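S.K.: Sharing a structure here in structure tokens format.
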Amino acid sequence: MNTEHIAIFLNLAKTLSFSKTAMNMGISQSAVSQDISSIEKELGTELFYRTRKKVALTKAGKAFYEDILPVYQDYIDTFRKLEAMNEQNHIEIHLGFSGTPYEIFALNEVIKKYRREHPKVQFVVNHNSPQELAAKLSEGILDIAFLTKDCLSDSGLKFKALTQGKYCAVFADGVPVTAGKSLKHLDLAKEKVLFLDENICSPQQAALQKALDQDQPQLSVINANSIAAEFFNLNAGLGIGILPSTALPKMARVTCIPLSGKNEVTYGVAISKHPFSNLVVDFFNWLDAEQMPETIAY
């Protein structure tokens, strides 16, 4: 017995007219008759008395009506709630980012630009570490996440590169810098250097920090437990930041000098290969390098 048959039964129990029920349900009278017969056969009892002039509920039909009506109404209410939730989800994008100065500036611009084209779309923004972003994306908690490519290990995620950069030594504006086009690890030996805690930085940055620490045992390290703390220390001139150029917007008042070696970084956006909403796919496809503001030059 399917829900359509139950709906036909309930309508006929109310109208007590095959013709009216056929009109209400948008089907033929013969279809109504066949569906009612199908229910009666399945239940093993007659639900209606039928004569040429009159249709009435049998005792069994009345009992079935009284029992099934609240169940069916609960089903319809639940179905409508789920439809409303699904519709709401379709106009919401749950977005995650790690909170770099570039993201705070760039995503603000990108979201405003996208919403000018799609004013009904709402964004629910989450701030997490790179590791948490990748995990929440895999679990379906986030629809889309902005992060560096090295953070992704789940083959079920799809990544799009938006910009390329390098890991750099970052000096506050006004701090005198005497260096060439790149810095070797040895050049930082006598400097105070800012490291991000391993649990809040990307795998590539964690590996770079470890290599620096091992190469230069006398390195003076200041650990920051958040990206905001690192930039506060950096801007206050308390140390030299070790960061990807993709973490800094073009207008940032700092000096970036690339670290020598293979320190390239790819920054972009990721979604599930099987997203729940076409809206997420549309936003993902809409994003490209031209939509994103520029990062700082190095």
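A note on labels: chains of the structure tokens are A, B, ... as shown, every chain counts residues from 1, and ligands are counted from 1 in their shown order.
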Determine, counting only C-alpha atoms, which protein, DNA and RNA residues have an atom within 10 Å of an atom of A:Glu46; residues of the same chain fewer than 5 positions away are not included. Present the result as a compact mmCIF listing (two decimals) with all heavy atoms, in the first residue's frame.

M.R.:
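File produced: part_36.txt:
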# COMPACT_ATOMS: atom_id res chain seq x y z
N ILE A 36 -8.98 1.65 -4.62
CA ILE A 36 -9.70 1.26 -3.40
C ILE A 36 -9.81 -0.27 -3.32
O ILE A 36 -9.61 -0.86 -2.25
CB ILE A 36 -11.11 1.90 -3.37
CG1 ILE A 36 -11.00 3.42 -3.25
CG2 ILE A 36 -11.93 1.33 -2.22
CD1 ILE A 36 -10.31 3.92 -2.00
N SER A 37 -10.08 -0.90 -4.44
CA SER A 37 -10.16 -2.37 -4.47
C SER A 37 -8.81 -2.98 -4.10
O SER A 37 -8.73 -3.99 -3.41
CB SER A 37 -10.58 -2.86 -5.86
OG SER A 37 -11.89 -2.44 -6.16
N ILE A 39 -6.56 -1.64 -2.09
CA ILE A 39 -6.38 -1.51 -0.64
C ILE A 39 -7.20 -2.57 0.09
O ILE A 39 -6.73 -3.22 1.03
CB ILE A 39 -6.78 -0.10 -0.16
CG1 ILE A 39 -5.87 0.96 -0.79
CG2 ILE A 39 -6.71 0.00 1.37
CD1 ILE A 39 -6.32 2.38 -0.52
N GLU A 40 -8.44 -2.74 -0.33
CA GLU A 40 -9.34 -3.71 0.32
C GLU A 40 -8.78 -5.13 0.20
O GLU A 40 -8.83 -5.92 1.16
CB GLU A 40 -10.74 -3.61 -0.29
CG GLU A 40 -11.46 -2.33 0.08
CD GLU A 40 -12.81 -2.20 -0.61
OE1 GLU A 40 -12.96 -2.73 -1.75
OE2 GLU A 40 -13.70 -1.56 -0.03
N LYS A 41 -8.23 -5.43 -0.96
CA LYS A 41 -7.63 -6.75 -1.16
C LYS A 41 -6.43 -6.95 -0.25
O LYS A 41 -6.25 -8.03 0.34
CB LYS A 41 -7.23 -6.91 -2.63
CG LYS A 41 -6.71 -8.28 -2.98
CD LYS A 41 -6.41 -8.39 -4.47
CE LYS A 41 -5.89 -9.79 -4.82
NZ LYS A 41 -5.58 -9.89 -6.27
N LEU A 57 -18.88 4.29 4.39
CA LEU A 57 -17.82 3.53 5.04
C LEU A 57 -18.40 2.32 5.78
O LEU A 57 -19.45 2.42 6.43
CB LEU A 57 -17.07 4.40 6.06
CG LEU A 57 -16.07 5.41 5.50
CD1 LEU A 57 -15.70 6.42 6.58
CD2 LEU A 57 -14.82 4.70 5.00
N THR A 58 -17.75 1.20 5.65
CA THR A 58 -18.09 0.04 6.48
C THR A 58 -17.54 0.26 7.88
O THR A 58 -16.80 1.23 8.14
CB THR A 58 -17.49 -1.25 5.91
OG1 THR A 58 -16.06 -1.14 5.95
CG2 THR A 58 -17.94 -1.48 4.47
N LYS A 59 -17.84 -0.63 8.80
CA LYS A 59 -17.31 -0.53 10.15
C LYS A 59 -15.77 -0.60 10.11
O LYS A 59 -15.08 0.16 10.79
CB LYS A 59 -17.87 -1.65 11.02
CG LYS A 59 -17.47 -1.55 12.48
CD LYS A 59 -18.14 -2.66 13.30
CE LYS A 59 -17.73 -2.55 14.77
NZ LYS A 59 -18.38 -3.61 15.59
N ALA A 60 -15.25 -1.51 9.30
CA ALA A 60 -13.80 -1.65 9.15
C ALA A 60 -13.21 -0.41 8.49
O ALA A 60 -12.12 0.06 8.86
CB ALA A 60 -13.47 -2.88 8.33
N GLY A 61 -13.95 0.14 7.51
CA GLY A 61 -13.49 1.35 6.82
C GLY A 61 -13.40 2.54 7.75
O GLY A 61 -12.44 3.31 7.70

S.K.: Per DSSP on the backbone, what are the strand (DSSP E or B) residues of stretch 23-250 of chain A, as a ChimeraX atom specification?

M.R.: /A:48-50,55-57,92-97,122-127,144-148,157-172,183,192-196,220-224,240-244,249

S.K.: Need the shell around A:Gly241: protein/DNA/RNA residues with any atom at most 8 Å away, counting only C-alpha atoms. Skip same-chain ones fewer than 5 positions apart. Format as a VMD selection string?

M.R.: chain A and resid 168 to 171 193 to 195 230 to 231 234

S.K.: Have a look at A:Pro258, A:Pro101, A:Pro244, A:Pro119 and name the one nearest to A:Lys181; count only C-alpha atoms.

M.R.: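 For A:Lys181, the nearest of the candidates is A:Pro258.
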
S.K.: Determine which residues of stretch 3-218 of chain A receive a DSSP assignment of alpha helix (DSSP H), computed from the backbone, and state them as a PyMOL selection string.

M.R.: chain A and resi 3-15+18-25+29-43+59-90+101-117+130-139+203-215

S.K.: At a cut-off of 7 Å, using only C-alpha atoms, what residues contact stretch 248-250 of chain A? Leave out same-chain residues fewer than 5 positions from it and give the result as a list in words.

M.R.: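 The contact residues come out as Pro101, Tyr102, Glu294, Thr295, Ile296 and Ala297 of chain A.
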
S.K.: With N, CA, C and O atoms retained, export the selected residues as a PDB file, in the first residue's frame.

M.R.:
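Done, and the output landed in again_22.pdb:
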ATOM      1  N   PRO A 101      44.868  36.915   6.677  1.00  0.00           N
ATOM      2  CA  PRO A 101      44.491  38.268   6.240  1.00  0.00           C
ATOM      3  C   PRO A 101      43.984  38.301   4.796  1.00  0.00           C
ATOM      4  O   PRO A 101      43.057  39.038   4.475  1.00  0.00           O
ATOM      5  N   TYR A 102      44.588  37.477   3.932  1.00  0.00           N
ATOM      6  CA  TYR A 102      44.118  37.435   2.546  1.00  0.00           C
ATOM      7  C   TYR A 102      42.676  36.945   2.485  1.00  0.00           C
ATOM      8  O   TYR A 102      41.840  37.528   1.785  1.00  0.00           O
ATOM      9  N   GLU A 294      44.099  39.906  -5.736  1.00  0.00           N
ATOM     10  CA  GLU A 294      45.493  39.469  -5.823  1.00  0.00           C
ATOM     11  C   GLU A 294      46.119  39.303  -4.443  1.00  0.00           C
ATOM     12  O   GLU A 294      45.751  39.976  -3.479  1.00  0.00           O
ATOM     13  N   THR A 295      47.069  38.378  -4.384  1.00  0.00           N
ATOM     14  CA  THR A 295      47.874  38.235  -3.173  1.00  0.00           C
ATOM     15  C   THR A 295      49.082  39.155  -3.270  1.00  0.00           C
ATOM     16  O   THR A 295      49.332  39.762  -4.319  1.00  0.00           O
ATOM     17  N   ILE A 296      49.838  39.250  -2.198  1.00  0.00           N
ATOM     18  CA  ILE A 296      50.983  40.139  -2.167  1.00  0.00           C
ATOM     19  C   ILE A 296      52.078  39.661  -3.124  1.00  0.00           C
ATOM     20  O   ILE A 296      52.228  38.454  -3.368  1.00  0.00           O
ATOM     21  N   ALA A 297      52.805  40.604  -3.692  1.00  0.00           N
ATOM     22  CA  ALA A 297      53.933  40.248  -4.573  1.00  0.00           C
ATOM     23  C   ALA A 297      55.153  39.924  -3.709  1.00  0.00           C
ATOM     24  O   ALA A 297      55.295  40.410  -2.595  1.00  0.00           O
TER      25      ALA A 297
END

S.K.: Hey, can you check how far atom CA of A:Thr15 sits from atom CA of A:Lys54?

M.R.: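 Separation between atom CA of A:Thr15 and atom CA of A:Lys54: 11.2 Å.
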
S.K.: If I take atom CA of A:Pro130 and atom CA of A:Glu198, how far is one from the other in Å, to one decimal?

M.R.: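 About the pair atom CA of A:Pro130 and atom CA of A:Glu198: they are 10.5 Å apart.
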
S.K.: If you count only C-alpha atoms, which residues fall within 10 Å of A:Thr266, apart from same-chain ones fewer than 3 positions away, as a ChimeraX atom specification?

M.R.: /A:147-150,160-166,244,246

S.K.: Would you output that residue set with all heavy atoms, as a compact mmCIF listing (two decimals), in the first residue's frame?

M.R.:
# COMPACT_ATOMS: atom_id res chain seq x y z
N LEU A 147 41.55 26.59 1.22
CA LEU A 147 42.73 26.06 1.91
C LEU A 147 43.83 25.75 0.90
O LEU A 147 43.61 25.83 -0.30
CB LEU A 147 42.37 24.82 2.73
CG LEU A 147 41.98 23.51 2.03
CD1 LEU A 147 41.61 22.47 3.07
CD2 LEU A 147 40.87 23.65 1.04
N THR A 148 45.00 25.40 1.40
CA THR A 148 46.09 25.03 0.50
C THR A 148 45.96 23.55 0.12
O THR A 148 45.43 22.74 0.89
CB THR A 148 47.46 25.30 1.14
OG1 THR A 148 47.51 24.67 2.42
CG2 THR A 148 47.69 26.79 1.30
N LYS A 149 46.45 23.22 -1.06
CA LYS A 149 46.24 21.89 -1.62
C LYS A 149 46.82 20.78 -0.75
O LYS A 149 46.28 19.67 -0.68
CB LYS A 149 46.85 21.82 -3.02
CG LYS A 149 46.52 20.55 -3.78
CD LYS A 149 47.07 20.59 -5.20
CE LYS A 149 46.68 19.34 -5.97
NZ LYS A 149 47.21 19.38 -7.36
N ASP A 150 47.93 21.07 -0.04
CA ASP A 150 48.58 20.04 0.76
C ASP A 150 47.73 19.58 1.94
O ASP A 150 48.03 18.55 2.55
CB ASP A 150 49.94 20.53 1.27
CG ASP A 150 49.81 21.77 2.14
OD1 ASP A 150 49.35 22.80 1.63
OD2 ASP A 150 50.17 21.71 3.33
N LYS A 160 40.24 22.99 -6.66
CA LYS A 160 40.50 23.92 -7.76
C LYS A 160 41.52 24.95 -7.29
O LYS A 160 41.29 25.65 -6.29
CB LYS A 160 39.22 24.62 -8.19
CG LYS A 160 39.44 25.65 -9.32
CD LYS A 160 38.24 26.54 -9.52
CE LYS A 160 37.12 25.76 -10.21
NZ LYS A 160 36.00 26.66 -10.60
N ALA A 161 42.62 25.06 -7.99
CA ALA A 161 43.64 26.05 -7.65
C ALA A 161 43.16 27.45 -8.05
O ALA A 161 42.61 27.65 -9.14
CB ALA A 161 44.95 25.73 -8.36
N LEU A 162 43.36 28.42 -7.14
CA LEU A 162 42.97 29.80 -7.41
C LEU A 162 44.17 30.74 -7.52
O LEU A 162 44.10 31.75 -8.22
CB LEU A 162 42.03 30.31 -6.31
CG LEU A 162 40.68 29.59 -6.22
CD1 LEU A 162 39.90 30.08 -5.01
CD2 LEU A 162 39.86 29.78 -7.49
N THR A 163 45.24 30.41 -6.82
CA THR A 163 46.45 31.23 -6.89
C THR A 163 47.66 30.43 -6.44
O THR A 163 47.52 29.45 -5.69
CB THR A 163 46.30 32.51 -6.03
OG1 THR A 163 47.42 33.36 -6.24
CG2 THR A 163 46.18 32.19 -4.56
N GLN A 164 48.83 30.83 -6.90
CA GLN A 164 50.09 30.17 -6.54
C GLN A 164 50.96 31.14 -5.76
O GLN A 164 50.85 32.36 -5.93
CB GLN A 164 50.84 29.73 -7.81
CG GLN A 164 50.04 28.83 -8.74
CD GLN A 164 49.92 27.41 -8.24
OE1 GLN A 164 50.78 26.94 -7.51
NE2 GLN A 164 48.85 26.73 -8.62
N GLY A 165 51.82 30.62 -4.92
CA GLY A 165 52.72 31.47 -4.16
C GLY A 165 53.92 30.70 -3.66
O GLY A 165 54.19 29.57 -4.10
N LYS A 166 54.64 31.30 -2.73
CA LYS A 166 55.80 30.65 -2.11
C LYS A 166 55.80 30.95 -0.62
O LYS A 166 55.25 31.97 -0.18
CB LYS A 166 57.10 31.15 -2.73
CG LYS A 166 57.37 30.66 -4.13
CD LYS A 166 58.85 30.77 -4.48
CE LYS A 166 59.66 29.71 -3.74
NZ LYS A 166 61.07 29.64 -4.20
N PRO A 244 53.04 31.55 3.80
CA PRO A 244 52.90 31.55 2.35
C PRO A 244 52.45 32.93 1.88
O PRO A 244 51.67 33.61 2.56
CB PRO A 244 51.81 30.49 2.11
CG PRO A 244 51.00 30.50 3.36
CD PRO A 244 51.97 30.79 4.48
N THR A 246 50.38 33.47 -0.23
CA THR A 246 48.95 33.38 -0.47
C THR A 246 48.12 33.74 0.77
O THR A 246 46.90 33.82 0.69
CB THR A 246 48.57 31.96 -0.93
OG1 THR A 246 49.02 31.02 0.07
CG2 THR A 246 49.19 31.63 -2.26

S.K.: If you count only C-alpha atoms, which residues fall within 12 Å of A:Asn24, apart from same-chain ones fewer than 5 positions away, as number ranges by chain?

M.R.: A: 7-12, 14-15, 17-19, 29, 32

S.K.: Emit the selected residues as a JSON list (two decimals), in the first residue's frame, including N, CA, C and O atoms.

M.R.:
[["chain", "number", "residue", "atom", "x", "y", "z"],
["A", 7, "ALA", "N", -3.96, 8.35, 0.27],
["A", 7, "ALA", "CA", -4.54, 9.67, 0.02],
["A", 7, "ALA", "C", -5.88, 9.55, -0.69],
["A", 7, "ALA", "O", -6.84, 10.28, -0.38],
["A", 8, "ILE", "N", -5.98, 8.63, -1.64],
["A", 8, "ILE", "CA", -7.25, 8.40, -2.35],
["A", 8, "ILE", "C", -8.31, 7.87, -1.39],
["A", 8, "ILE", "O", -9.47, 8.32, -1.40],
["A", 9, "PHE", "N", -7.92, 6.93, -0.53],
["A", 9, "PHE", "CA", -8.87, 6.39, 0.45],
["A", 9, "PHE", "C", -9.39, 7.50, 1.36],
["A", 9, "PHE", "O", -10.61, 7.61, 1.61],
["A", 10, "LEU", "N", -8.50, 8.32, 1.89],
["A", 10, "LEU", "CA", -8.90, 9.38, 2.81],
["A", 10, "LEU", "C", -9.80, 10.39, 2.13],
["A", 10, "LEU", "O", -10.77, 10.88, 2.74],
["A", 11, "ASN", "N", -9.53, 10.69, 0.89],
["A", 11, "ASN", "CA", -10.36, 11.63, 0.15],
["A", 11, "ASN", "C", -11.74, 11.06, -0.08],
["A", 11, "ASN", "O", -12.76, 11.75, 0.08],
["A", 12, "LEU", "N", -11.80, 9.78, -0.46],
["A", 12, "LEU", "CA", -13.10, 9.14, -0.71],
["A", 12, "LEU", "C", -13.89, 9.00, 0.59],
["A", 12, "LEU", "O", -15.12, 9.17, 0.60],
["A", 14, "LYS", "N", -13.92, 11.05, 2.86],
["A", 14, "LYS", "CA", -14.45, 12.38, 3.16],
["A", 14, "LYS", "C", -15.58, 12.77, 2.20],
["A", 14, "LYS", "O", -16.61, 13.31, 2.62],
["A", 15, "THR", "N", -15.37, 12.51, 0.91],
["A", 15, "THR", "CA", -16.36, 12.95, -0.09],
["A", 15, "THR", "C", -17.51, 11.96, -0.24],
["A", 15, "THR", "O", -18.63, 12.35, -0.58],
["A", 17, "SER", "N", -17.83, 10.05, -2.62],
["A", 17, "SER", "CA", -18.23, 10.18, -4.02],
["A", 17, "SER", "C", -17.02, 9.86, -4.89],
["A", 17, "SER", "O", -16.00, 10.54, -4.81],
["A", 18, "PHE", "N", -17.13, 8.80, -5.70],
["A", 18, "PHE", "CA", -16.04, 8.42, -6.58],
["A", 18, "PHE", "C", -15.73, 9.52, -7.60],
["A", 18, "PHE", "O", -14.56, 9.77, -7.92],
["A", 19, "SER", "N", -16.77, 10.19, -8.07],
["A", 19, "SER", "CA", -16.56, 11.24, -9.08],
["A", 19, "SER", "C", -15.84, 12.45, -8.47],
["A", 19, "SER", "O", -14.94, 13.03, -9.09],
["A", 29, "GLN", "N", -12.39, 7.97, -12.56],
["A", 29, "GLN", "CA", -13.19, 7.24, -11.57],
["A", 29, "GLN", "C", -12.79, 5.77, -11.51],
["A", 29, "GLN", "O", -12.76, 5.16, -10.44],
["A", 32, "VAL", "N", -9.80, 5.41, -9.33],
["A", 32, "VAL", "CA", -10.17, 5.48, -7.91],
["A", 32, "VAL", "C", -10.71, 4.13, -7.46],
["A", 32, "VAL", "O", -10.30, 3.59, -6.42]]
